[in-house]
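As stored in input12.csv (CSV, C-alpha atoms and all ligand atoms):
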```
chain,number,residue,atom,x,y,z
A,1,MET,CA,-1.9,44.4,24.3
A,2,TYR,CA,-0.8,40.8,24.1
A,3,CYS,CA,1.5,40.2,21.1
A,4,PRO,CA,1.2,36.6,19.7
A,5,LYS,CA,4.4,34.9,18.7
A,6,GLY,CA,3.0,31.7,17.1
A,7,ASN,CA,0.7,30.9,14.2
A,8,SER,CA,-2.7,30.1,15.7
A,9,SER,CA,-4.3,29.5,12.3
A,10,LEU,CA,-2.4,26.2,12.1
A,11,TYR,CA,-4.9,24.4,14.3
A,12,TYR,CA,-7.9,25.7,12.4
A,13,ASN,CA,-6.3,24.6,9.1
A,14,ILE,CA,-6.1,21.1,10.5
A,15,LEU,CA,-9.8,21.1,11.4
A,16,HIS,CA,-10.5,22.3,7.8
A,17,GLN,CA,-8.4,19.3,6.5
A,18,LYS,CA,-10.5,17.0,8.6
A,19,ARG,CA,-13.7,18.3,7.0
A,20,VAL,CA,-12.1,17.9,3.5
A,21,ALA,CA,-11.4,14.3,4.3
A,22,GLU,CA,-15.0,13.8,5.7
A,23,ILE,CA,-16.7,15.2,2.6
A,24,LEU,CA,-14.4,13.3,0.2
A,25,LEU,CA,-15.0,10.0,2.0
A,26,SER,CA,-18.8,10.6,2.0
A,27,ALA,CA,-18.7,11.4,-1.7
A,28,LEU,CA,-16.8,8.2,-2.3
A,29,ARG,CA,-19.1,6.1,-0.1
A,30,PHE,CA,-22.1,7.4,-2.2
A,31,ASP,CA,-20.0,7.0,-5.4
A,32,LEU,CA,-20.8,10.6,-6.4
A,33,PHE,CA,-17.8,10.8,-8.8
A,34,SER,CA,-19.0,7.8,-10.7
A,35,TYR,CA,-22.2,9.8,-11.7
A,36,LEU,CA,-20.2,12.9,-12.8
A,37,GLU,CA,-18.3,11.7,-15.8
A,38,ASN,CA,-20.5,14.2,-17.8
A,39,TRP,CA,-22.2,17.4,-16.9
A,40,GLU,CA,-25.1,16.5,-14.6
A,41,THR,CA,-27.7,18.5,-12.5
A,42,PRO,CA,-28.1,17.8,-8.8
A,43,GLU,CA,-31.6,16.5,-9.6
A,44,ALA,CA,-30.3,13.9,-12.0
A,45,VAL,CA,-27.5,12.7,-9.5
A,46,ALA,CA,-30.1,12.7,-6.6
A,47,GLU,CA,-32.4,10.4,-8.7
A,48,LYS,CA,-29.5,8.0,-9.5
A,49,SER,CA,-28.0,8.0,-6.0
A,50,GLY,CA,-31.2,8.2,-3.9
A,51,LEU,CA,-29.8,11.2,-2.0
A,52,HIS,CA,-31.7,14.3,-1.0
A,53,THR,CA,-31.6,16.9,-3.8
A,54,ARG,CA,-31.1,20.0,-1.7
A,55,SER,CA,-28.4,18.5,0.5
A,56,LEU,CA,-26.7,17.0,-2.4
A,57,ALA,CA,-26.6,20.3,-4.2
A,58,GLN,CA,-24.8,21.8,-1.2
A,59,VAL,CA,-22.3,19.1,-1.0
A,60,LEU,CA,-21.7,19.4,-4.8
A,61,ASN,CA,-21.0,23.1,-4.4
A,62,ALA,CA,-18.6,22.3,-1.5
A,63,LEU,CA,-16.8,19.8,-3.7
A,64,VAL,CA,-16.5,22.5,-6.4
A,65,SER,CA,-15.0,24.9,-3.9
A,66,LEU,CA,-12.4,22.3,-3.0
A,67,GLY,CA,-11.5,21.6,-6.7
A,68,PHE,CA,-12.7,18.0,-6.9
A,69,ILE,CA,-15.4,18.8,-9.4
A,70,GLU,CA,-16.4,21.7,-11.8
A,71,LYS,CA,-19.6,23.7,-12.1
A,72,LYS,CA,-21.3,25.2,-15.2
A,73,GLN,CA,-24.7,26.9,-14.6
A,74,ASN,CA,-26.6,24.2,-12.6
A,75,THR,CA,-24.5,21.3,-13.8
A,76,TYR,CA,-21.5,19.5,-12.3
A,77,ARG,CA,-18.7,17.4,-13.7
A,78,ASN,CA,-15.5,15.7,-12.5
A,79,THR,CA,-12.1,17.4,-13.0
A,80,PRO,CA,-9.8,15.2,-15.2
A,81,GLN,CA,-7.9,14.2,-12.0
A,82,SER,CA,-11.1,13.1,-10.2
A,83,ASN,CA,-12.3,11.3,-13.3
A,84,GLU,CA,-9.0,9.4,-13.3
A,85,PHE,CA,-8.8,8.4,-9.6
A,86,LEU,CA,-12.3,8.8,-8.1
A,87,ASN,CA,-14.6,7.5,-10.8
A,88,ARG,CA,-15.4,3.8,-10.4
A,89,ASN,CA,-15.2,3.3,-14.1
A,90,SER,CA,-11.5,4.2,-14.2
A,91,PHE,CA,-8.8,1.5,-14.2
A,92,VAL,CA,-7.0,3.3,-11.4
A,93,TYR,CA,-10.2,4.0,-9.3
A,94,LEU,CA,-8.9,4.6,-5.7
A,95,GLY,CA,-12.3,5.1,-3.9
A,96,GLU,CA,-12.4,1.8,-2.2
A,97,SER,CA,-8.6,2.0,-1.4
A,98,LEU,CA,-9.1,5.4,0.2
A,99,ILE,CA,-12.0,4.2,2.3
A,100,PHE,CA,-10.1,1.1,3.4
A,101,ARG,CA,-6.9,3.0,4.3
A,102,GLU,CA,-8.8,5.6,6.3
A,103,LYS,CA,-10.5,2.8,8.3
A,104,MET,CA,-7.2,0.9,8.8
A,105,MET,CA,-5.3,3.9,10.1
A,106,SER,CA,-8.2,5.6,11.8
A,107,LEU,CA,-7.7,7.2,15.3
A,108,LYS,CA,-11.4,7.8,15.9
A,109,ASP,CA,-11.3,5.8,19.1
A,110,ILE,CA,-8.1,7.3,20.3
A,111,ASP,CA,-9.5,8.7,23.6
A,112,GLU,CA,-10.8,5.2,24.6
A,113,ARG,CA,-7.6,3.5,23.5
A,114,LEU,CA,-5.5,6.0,25.5
A,115,GLN,CA,-7.5,5.2,28.6
A,116,MET,CA,-7.7,1.4,28.1
A,117,GLY,CA,-4.2,0.7,26.8
A,118,PRO,CA,-3.3,-2.1,24.3
A,119,ILE,CA,-4.9,-5.5,23.8
A,120,ALA,CA,-2.9,-8.1,25.8
A,121,GLU,CA,-3.2,-10.8,23.2
A,122,VAL,CA,-1.9,-8.5,20.4
A,123,ILE,CA,1.1,-7.6,22.5
A,124,ARG,CA,1.8,-11.3,23.3
A,125,ASN,CA,1.6,-12.5,19.6
A,126,ASN,CA,2.9,-9.3,17.9
A,127,SER,CA,1.7,-10.7,14.6
A,128,GLY,CA,0.7,-8.4,11.8
A,129,VAL,CA,-1.6,-11.0,10.2
A,130,GLU,CA,-3.7,-11.1,13.3
A,131,VAL,CA,-4.3,-7.4,13.4
A,132,TYR,CA,-4.5,-6.3,9.7
A,133,ASP,CA,-7.0,-7.4,7.1
A,134,PHE,CA,-4.3,-8.3,4.6
A,135,TYR,CA,-6.7,-9.9,2.1
A,136,GLU,CA,-8.6,-6.7,1.7
A,137,ALA,CA,-5.4,-4.6,1.8
A,138,ALA,CA,-4.0,-6.7,-1.1
A,139,ARG,CA,-7.3,-6.4,-3.0
A,140,ILE,CA,-7.6,-2.6,-2.7
A,141,SER,CA,-3.9,-2.1,-3.4
A,142,ILE,CA,-4.2,-3.4,-7.0
A,143,PRO,CA,-5.3,0.0,-8.5
A,144,GLU,CA,-2.9,1.8,-6.2
A,145,MET,CA,-0.1,-0.2,-7.6
A,146,TYR,CA,-0.9,0.8,-11.2
A,147,THR,CA,-0.8,4.5,-10.2
A,148,GLY,CA,3.0,4.3,-10.8
A,149,ARG,CA,4.4,1.7,-8.6
A,150,VAL,CA,4.3,-1.2,-11.0
A,151,GLN,CA,5.6,1.0,-13.8
A,152,ALA,CA,8.6,2.3,-11.7
A,153,PHE,CA,9.4,-1.3,-10.6
A,154,ILE,CA,9.3,-2.7,-14.2
A,155,ALA,CA,11.4,0.2,-15.5
A,156,ALA,CA,14.0,-0.4,-12.8
A,157,ALA,CA,14.1,-4.1,-13.4
A,158,THR,CA,14.3,-3.7,-17.1
A,159,SER,CA,17.3,-1.4,-16.8
A,160,ILE,CA,19.0,-3.8,-14.4
A,161,TYR,CA,18.3,-7.0,-16.3
A,162,ASN,CA,19.1,-5.4,-19.7
A,163,ASP,CA,21.5,-8.3,-20.8
A,164,LYS,CA,20.4,-11.3,-18.7
A,165,PRO,CA,16.7,-11.5,-17.7
A,166,PRO,CA,15.9,-13.4,-14.5
A,167,LYS,CA,14.6,-16.9,-14.9
A,168,ASN,CA,13.2,-17.6,-11.5
A,169,ILE,CA,11.7,-15.0,-9.2
A,170,LEU,CA,9.9,-14.9,-5.8
A,171,ASP,CA,7.5,-12.3,-4.6
A,172,LEU,CA,7.5,-12.9,-0.8
A,173,GLY,CA,4.4,-11.6,1.0
A,174,GLY,CA,3.4,-10.5,-2.5
A,175,GLY,CA,-0.2,-9.5,-1.6
A,176,SER,CA,-2.2,-9.5,-4.8
A,177,GLY,CA,1.0,-10.6,-6.7
A,178,VAL,CA,0.8,-7.8,-9.2
A,179,LEU,CA,4.6,-7.1,-9.2
A,180,ALA,CA,5.3,-10.8,-10.0
A,181,ILE,CA,2.6,-10.9,-12.7
A,182,GLU,CA,3.9,-7.8,-14.5
A,183,LEU,CA,7.5,-9.0,-14.1
A,184,ILE,CA,6.6,-12.3,-15.8
A,185,ARG,CA,5.0,-10.3,-18.6
A,186,ALA,CA,8.1,-8.1,-19.0
A,187,PHE,CA,10.4,-11.1,-19.1
A,188,PRO,CA,8.8,-13.9,-21.1
A,189,GLY,CA,10.4,-17.2,-20.1
A,190,CYS,CA,10.7,-16.3,-16.5
A,191,GLN,CA,9.0,-18.4,-13.8
A,192,GLY,CA,7.6,-16.9,-10.7
A,193,THR,CA,6.4,-17.8,-7.2
A,194,ILE,CA,4.2,-15.7,-5.0
A,195,PHE,CA,4.4,-16.6,-1.3
A,196,GLU,CA,1.6,-15.4,0.8
A,197,HIS,CA,-0.1,-16.1,4.2
A,198,PRO,CA,-3.0,-18.7,3.9
A,199,SER,CA,-5.4,-15.9,4.7
A,200,VAL,CA,-4.4,-14.0,1.6
A,201,ALA,CA,-3.1,-16.6,-0.9
A,202,GLY,CA,-6.5,-17.1,-2.5
A,203,LEU,CA,-6.3,-13.6,-4.0
A,204,PRO,CA,-3.1,-13.9,-6.0
A,205,ARG,CA,-4.2,-17.4,-6.9
A,206,GLU,CA,-7.4,-16.0,-8.5
A,207,LEU,CA,-5.5,-13.1,-10.1
A,208,VAL,CA,-2.9,-15.3,-11.7
A,209,ILE,CA,-5.7,-17.3,-13.4
A,210,LYS,CA,-7.6,-14.2,-14.4
A,211,GLU,CA,-4.5,-12.6,-15.9
A,212,GLY,CA,-3.7,-15.8,-17.8
A,213,VAL,CA,-0.2,-16.4,-16.3
A,214,SER,CA,-1.0,-19.5,-14.2
A,215,GLU,CA,1.5,-21.5,-16.3
A,216,HIS,CA,4.3,-19.2,-15.3
A,217,ILE,CA,3.4,-18.4,-11.7
A,218,THR,CA,2.9,-20.7,-8.7
A,219,VAL,CA,1.2,-19.4,-5.5
A,220,LEU,CA,2.6,-21.0,-2.3
A,221,GLU,CA,1.0,-20.4,1.0
A,222,GLY,CA,2.6,-20.3,4.5
A,223,ASP,CA,4.2,-18.2,7.2
A,224,PHE,CA,7.5,-16.7,6.0
A,225,ASN,CA,8.6,-16.6,9.7
A,226,ARG,CA,8.5,-20.4,9.8
A,227,ASP,CA,7.9,-22.1,6.5
A,228,ASP,CA,10.1,-22.8,3.5
A,229,PHE,CA,9.7,-20.5,0.5
A,230,GLY,CA,12.0,-22.3,-1.9
A,231,ASP,CA,15.4,-21.4,-3.3
A,232,SER,CA,17.5,-20.8,-6.4
A,233,TYR,CA,15.8,-17.5,-7.1
A,234,ASP,CA,17.4,-14.9,-9.4
A,235,LEU,CA,15.3,-12.1,-7.8
A,236,ILE,CA,13.4,-11.9,-4.6
A,237,ILE,CA,10.9,-9.1,-4.1
A,238,ALA,CA,10.4,-8.3,-0.4
A,239,ALA,CA,8.2,-5.2,-0.6
A,240,GLY,CA,6.8,-3.8,2.7
A,241,ILE,CA,7.2,-7.1,4.5
A,242,LEU,CA,10.3,-7.0,6.7
A,243,ASP,CA,8.4,-5.4,9.6
A,244,PHE,CA,6.2,-8.5,9.8
A,245,ALA,CA,9.3,-10.5,10.6
A,246,LYS,CA,10.6,-8.2,13.3
A,247,ASP,CA,10.7,-11.0,16.0
A,248,HIS,CA,12.3,-13.4,13.4
A,249,PHE,CA,14.5,-10.9,11.6
A,250,GLU,CA,17.8,-12.8,11.7
A,251,TYR,CA,16.1,-16.0,10.6
A,252,LEU,CA,14.4,-14.3,7.7
A,253,MET,CA,17.5,-12.4,6.5
A,254,ASN,CA,19.4,-15.7,6.5
A,255,LYS,CA,16.6,-17.4,4.5
A,256,LEU,CA,16.5,-14.6,2.0
A,257,TYR,CA,20.3,-14.7,1.5
A,258,ASN,CA,20.3,-18.5,1.1
A,259,ALA,CA,17.3,-18.6,-1.2
A,260,LEU,CA,19.1,-16.4,-3.8
A,261,ASN,CA,21.4,-17.7,-6.5
A,262,PRO,CA,25.0,-16.3,-6.2
A,263,ASP,CA,24.3,-13.6,-8.7
A,264,GLY,CA,20.7,-13.1,-7.5
A,265,LEU,CA,19.2,-9.8,-6.5
A,266,LEU,CA,17.0,-8.7,-3.6
A,267,TYR,CA,14.4,-5.9,-4.2
A,268,LEU,CA,13.4,-4.3,-0.9
A,269,VAL,CA,10.8,-1.7,-0.1
A,270,THR,CA,11.0,-0.4,3.4
A,271,HIS,CA,9.3,2.2,5.5
A,272,GLN,CA,12.4,4.3,6.1
A,273,ILE,CA,11.7,4.8,9.8
A,274,ARG,CA,14.2,7.0,11.6
A,275,GLU,CA,16.1,5.6,14.5
A,276,ASP,CA,14.2,7.6,17.1
A,277,TYR,CA,10.8,6.6,15.6
A,278,LEU,CA,9.9,10.3,15.1
A,279,SER,CA,9.9,10.4,11.3
A,280,PRO,CA,8.5,10.3,8.6
A,281,PRO,CA,5.4,11.7,10.3
A,282,GLU,CA,2.9,10.1,7.8
A,283,ARG,CA,4.2,6.6,8.6
A,284,ILE,CA,4.5,7.2,12.3
A,285,LEU,CA,0.9,8.3,12.3
A,286,GLY,CA,-0.2,5.6,9.8
A,287,TRP,CA,1.1,2.9,12.1
A,288,LEU,CA,-0.1,4.5,15.3
A,289,SER,CA,-3.5,2.8,15.3
A,290,SER,CA,-1.9,-0.7,15.2
A,291,HIS,CA,0.7,0.3,17.8
A,292,LEU,CA,-2.1,1.4,20.1
A,293,ASP,CA,-3.6,-2.0,19.6
A,294,GLY,CA,-0.4,-3.5,20.9
A,295,LEU,CA,1.7,-4.3,17.8
A,296,ASP,CA,5.4,-3.4,17.9
A,297,LEU,CA,6.7,-4.2,14.4
A,298,LEU,CA,8.3,-1.3,12.8
A,299,LEU,CA,12.0,-1.8,11.9
A,300,THR,CA,14.2,1.3,11.6
A,301,GLU,CA,16.2,2.0,8.4
A,302,LYS,CA,19.3,1.5,10.5
A,303,ASN,CA,18.1,-2.0,11.8
A,304,ILE,CA,17.6,-3.0,8.2
A,305,SER,CA,20.7,-1.6,6.6
A,306,GLU,CA,22.9,-3.1,9.4
A,307,ALA,CA,21.2,-6.5,8.9
A,308,LEU,CA,21.7,-6.3,5.1
A,309,ARG,CA,25.4,-5.4,5.5
A,310,SER,CA,26.1,-8.1,8.1
A,311,HIS,CA,24.5,-10.7,5.8
A,312,GLY,CA,26.6,-9.6,2.9
A,313,PHE,CA,24.1,-7.7,0.8
A,314,LYS,CA,25.3,-4.7,-1.2
A,315,LYS,CA,23.1,-1.9,-2.5
A,316,ILE,CA,23.3,-1.6,-6.3
A,317,GLN,CA,20.4,0.7,-7.2
A,318,ALA,CA,17.7,2.8,-5.4
A,319,GLY,CA,14.8,4.5,-7.0
A,320,THR,CA,11.3,5.9,-6.1
A,321,VAL,CA,8.5,3.4,-5.7
A,322,GLY,CA,6.3,5.7,-7.7
A,323,GLY,CA,2.6,6.7,-7.8
A,324,THR,CA,0.5,6.7,-4.7
A,325,PHE,CA,3.5,5.6,-2.7
A,326,ALA,CA,6.1,7.9,-4.4
A,327,SER,CA,7.6,8.8,-1.0
A,328,LEU,CA,8.8,5.2,-0.5
A,329,ARG,CA,12.1,3.9,-2.0
A,330,GLY,CA,12.6,0.6,-3.7
A,331,MET,CA,16.2,-0.7,-3.5
A,332,PHE,CA,18.0,-3.6,-5.3
A,333,PHE,CA,20.8,-5.5,-3.5
A,334,SER,CA,23.3,-8.0,-4.7
A,335,LYS,CA,24.9,-10.8,-2.7
B,1,LIG,C1,2.3,-4.4,3.5
B,1,LIG,S1,1.8,-5.8,2.7
B,1,LIG,C2,2.9,-5.8,1.3
B,1,LIG,C3,2.3,-6.5,0.1
B,1,LIG,C4,3.1,-6.5,-1.2
B,1,LIG,N1,4.4,-7.0,-1.0
B,1,LIG,C5,3.2,-5.0,-1.6
B,1,LIG,O1,4.3,-4.6,-1.8
B,1,LIG,O2,2.2,-4.4,-1.9
B,1,LIG,C6,2.6,-7.1,3.7
B,1,LIG,C7,2.2,-8.5,3.1
B,1,LIG,O3,3.0,-9.5,3.9
B,1,LIG,C8,2.1,-10.6,4.2
B,1,LIG,N2,2.6,-11.2,5.4
B,1,LIG,C9,2.7,-10.6,6.6
B,1,LIG,N3,3.1,-11.5,7.5
B,1,LIG,C10,3.3,-12.7,6.9
B,1,LIG,C11,3.7,-14.0,7.3
B,1,LIG,N4,4.1,-14.2,8.5
B,1,LIG,N5,3.8,-14.9,6.3
B,1,LIG,C12,3.4,-14.7,5.0
B,1,LIG,N6,3.0,-13.5,4.6
B,1,LIG,C13,2.9,-12.5,5.5
B,1,LIG,C14,0.7,-10.0,4.3
B,1,LIG,O4,-0.3,-11.0,4.0
B,1,LIG,C15,0.8,-8.9,3.3
B,1,LIG,O5,0.2,-9.2,2.0
```

In structure tokens, write the structure found in this file.
Amino acid sequence: MYCPKGNSSLYYNILHQKRVAEILLSALRFDLFSYLENWETPEAVAEKSGLHTRSLAQVLNALVSLGFIEKKQNTYRNTPQSNEFLNRNSFVYLGESLIFREKMMSLKDIDERLQMGPIAEVIRNNSGVEVYDFYEAARISIPEMYTGRVQAFIAAATSIYNDKPPKNILDLGGGSGVLAIELIRAFPGCQGTIFEHPSVAGLPRELVIKEGVSEHITVLEGDFNRDDFGDSYDLIIAAGILDFAKDHFEYLMNKLYNALNPDGLLYLVTHQIREDYLSPPERILGWLSSHLDGLDLLLTEKNISEALRSHGFKKIQAGTVGGTFASLRGMFFSK
């Protein structure tokens, strides 16, 4: 009799994980968790959601089996964890973020893309802003940031700036601008600039007004690979942006160095890509879709640390980014 050496269940577990993702995404698209704050029958949820009662009851049972919701007699309710992250009424509701990220990184057309190859124009321009919907990415990242990222950043900044708070900060490619907004709140008297691409800048501009910090924060728009982003900063936040300057890396590193005051700090969040581009797997896979489109942007950790060293930056503190992106590291550098 043949004697197997490997573990064949591995592949079937992967198919199960795909079904878990499919049912979770469907439940999010129909907002099921927002109806399940309290114990509800399938009939009541079907009436509110317009879904078919029998089919909904089966999906609810499957969600119970996966631990997303609980069941008591014929009623269902969110677990505390689902209520925190999957219920639209929560401050850190991640439903839209999960749906967006799944679409952004999807490999559903991988067969076709393997046959057709990349898009010539994407290869030619190699520009992240032409491929990614950064406006939507910045919008859906707001609740993600409050799952721990903002808190970890403010805690690290507070410990570093214990004696002498920064007076003038820049959030370069700041997306929604949440890090700058919360930093200004943590250090009253500090002025901030959020620099964003014109296709995104409207979002931080609106948020700064909504959060009542427009007297302390200016939103500048432009292309950080070409345009001036000011100088005399005590702190520059460059979180998740260096890859988008891959073809202009020397230029951007010089500009970052020169834009900082002599005792200024640079806060970097990078993707920690290994030199052989084989790890970490979740990031290699997460970027695969855009790489198949034709982008070639990822910088390795070695590229980045060598550039920092050659420009005279010294690492002073590293810590976790926290929350949804806890596997990333945030690092402070001095000049
Ligand atoms: C991965 S997101 C990071 C956003 C934010 N810093 C954060 O940590 O969540 C990259 C950001 O860089 C911006 N960006 C990319 N290329 C840019 C360019 N050439 N000029 C200005 N902004 C750019 C995008 O609009 C996007 O908001």

So that each row is one residue of stretch 65-163 of chain A with an atom at most 12 Å from stretch 206-213 of chain A, can you give its shortest atom pair and the distance in Å to one decimal, using all atoms listed in the file, rows by chain and rising number, as a tab-separated table?
```
residue	atom	partner	partner_atom	distance
A:Ala138	CA	A:Leu207	CA	11.1
A:Arg139	CA	A:Leu207	CA	9.9
A:Ile142	CA	A:Leu207	CA	10.3
```

Create the file for the chosen residues now, containing C-alpha atoms and written as a PDB file, in the frame of the given file.
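The resulting result_34.pdb:
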```pdb
ATOM      1  CA  ALA A 138      -4.000  -6.700  -1.100  1.00  0.00           C
ATOM      2  CA  ARG A 139      -7.300  -6.400  -3.000  1.00  0.00           C
ATOM      3  CA  ILE A 142      -4.200  -3.400  -7.000  1.00  0.00           C
TER       4      ILE A 142
END
```

Exercise. Could you tell me which of A:Ile160, A:Leu299, A:Val45, A:Leu265 comes closest to A:Gly240 if we count all atoms listed in the file?
Key: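 Smallest separation from A:Gly240 among the options: A:Leu299.
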
Quiz prompt | Residues near A:Gly312, cut-off 10 Å, all atoms listed in the file, skip fewer than 4 positions along chain, as number ranges by chain | solution = A: 257, 306-308, 333-335

Practice problem: Counting only C-alpha atoms, find the residues whose atoms lie at most 12 Å from (-0.4, -8.2, 20.5) (file coordinates) and write them out as a ChimeraX atom specification. | Solution: /A:117-132,290-297

Practice problem: May I ask you to write as a list in words all residues lying at most 7 Å from ligand LIG 1 (chain B), with only C-alpha atoms and all ligand atoms counted? | Solution: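 Using only C-alpha atoms and all ligand atoms, I find these residues within 7 Å of ligand LIG 1 (chain B): Gly128, Val129, Phe134, Tyr135, Ala138, Ser141, Leu172, Gly173, Gly174, Gly175, Phe195, Glu196, His197, Val200, Gly222, Asp223, Phe224, Asn225, Ala238, Ala239, Gly240, Ile241, Phe244 and Ala245 of chain A.
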